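This report concerns only the one structure given below.
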Amino acid sequence: MCSYETLRAELDYVHAADYGKDRLLRTRHATKRHRQTVTSSPMLSIDWWRVCIDEAQCVENTASKAAEMCRRISASNRWCVTGTPFTHSIDELRGLLQCLQFHPFCTTEVLQRCFIEPYIIGNVEPLARLCSQVMHRTTKRQAHAEMGIPPAHEHTVYLTLSP
């Protein structure tokens with residue numbers, strides 16, 4: 001488990017390693033014994049079985065560092081969990097599809113031509129079909145029923161406080 005801030009920071013190591021594999025980082029002292037080689041993020045050296053991105057609306061902006069790092073992580077299974085898959089435009093769905101690596105539908109061209117343009121002219125069927133393949137909607141009532149959570153009881157207790 002890691003935060004989005006950690007993902008953003010790890011991407012800096014990835015970029016340093018990508019662009020400077022043969023370069024050396026120097027500390028305050030430029031002597032040879034104080035040099036370090038650039039290393040990539042350990043997150044990218046593991047083939048994860050599952051990556052679960054909570055609050056996934058944070059990676060819907062495909063240009064963000066967190067979104068880029070999520071796309072770079074190797075995983076057999078990918079989940080995005082969010083209560084708001086898109087709030088301003090349908091194009092926000094692209095960032096989630098890219099994090100899920102749901103090819104070819106995560107590309108801008110395919111999403112625009114096959115789903116957004118038909119939606120704009122009133123044909124919601126292609127977008128609805130796509131969403132039904134990658135989304136599962138659960139209401140609070142369904143979640144409570146599945147987990148067997150008993151109903152909440154509220155008890156009010158009045159206290160008399162001493163001076």
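Labels used: A, B, ... for chains in the order of the structure tokens, numbers from 1 for residues in each chain, and numbers from 1 for ligands as shown.
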
Near A:Ala56, within 10 Å and counting only C-alpha atoms, which residues show up once chain neighbours fewer than 5 positions away are dropped, as a list in words?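 Surrounding residues, per the criterion: Ala67, Trp79, Cys80, Val81, Thr82, Gly83, Thr84, Pro85, Gly95, Leu96 and Cys99 of chain A.
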
Pull the alpha helix (DSSP H) assignments for chain A out of DSSP run on the backbone, and list those residues as a count of residues only. 59

Write out as a PyMOL selection string the set of residues from chain A that DSSP, computed on the backbone, places in strand (DSSP E or B). chain A and resi 24-25+36-37+48-54+75-81

Between atom CA of A:Ala143 and atom CA of A:Cys58, what is the spacing in Å?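 Those two atoms sit 23.3 Å apart.
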
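Between atom CA of A:Lys65 and atom CA of A:Leu7 the interatomic distance comes to 7.4 Å.
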
For atom CA of A:Glu92 and atom CA of A:Glu60, quote the distance in Å rounded to one decimal. 5.3 Å
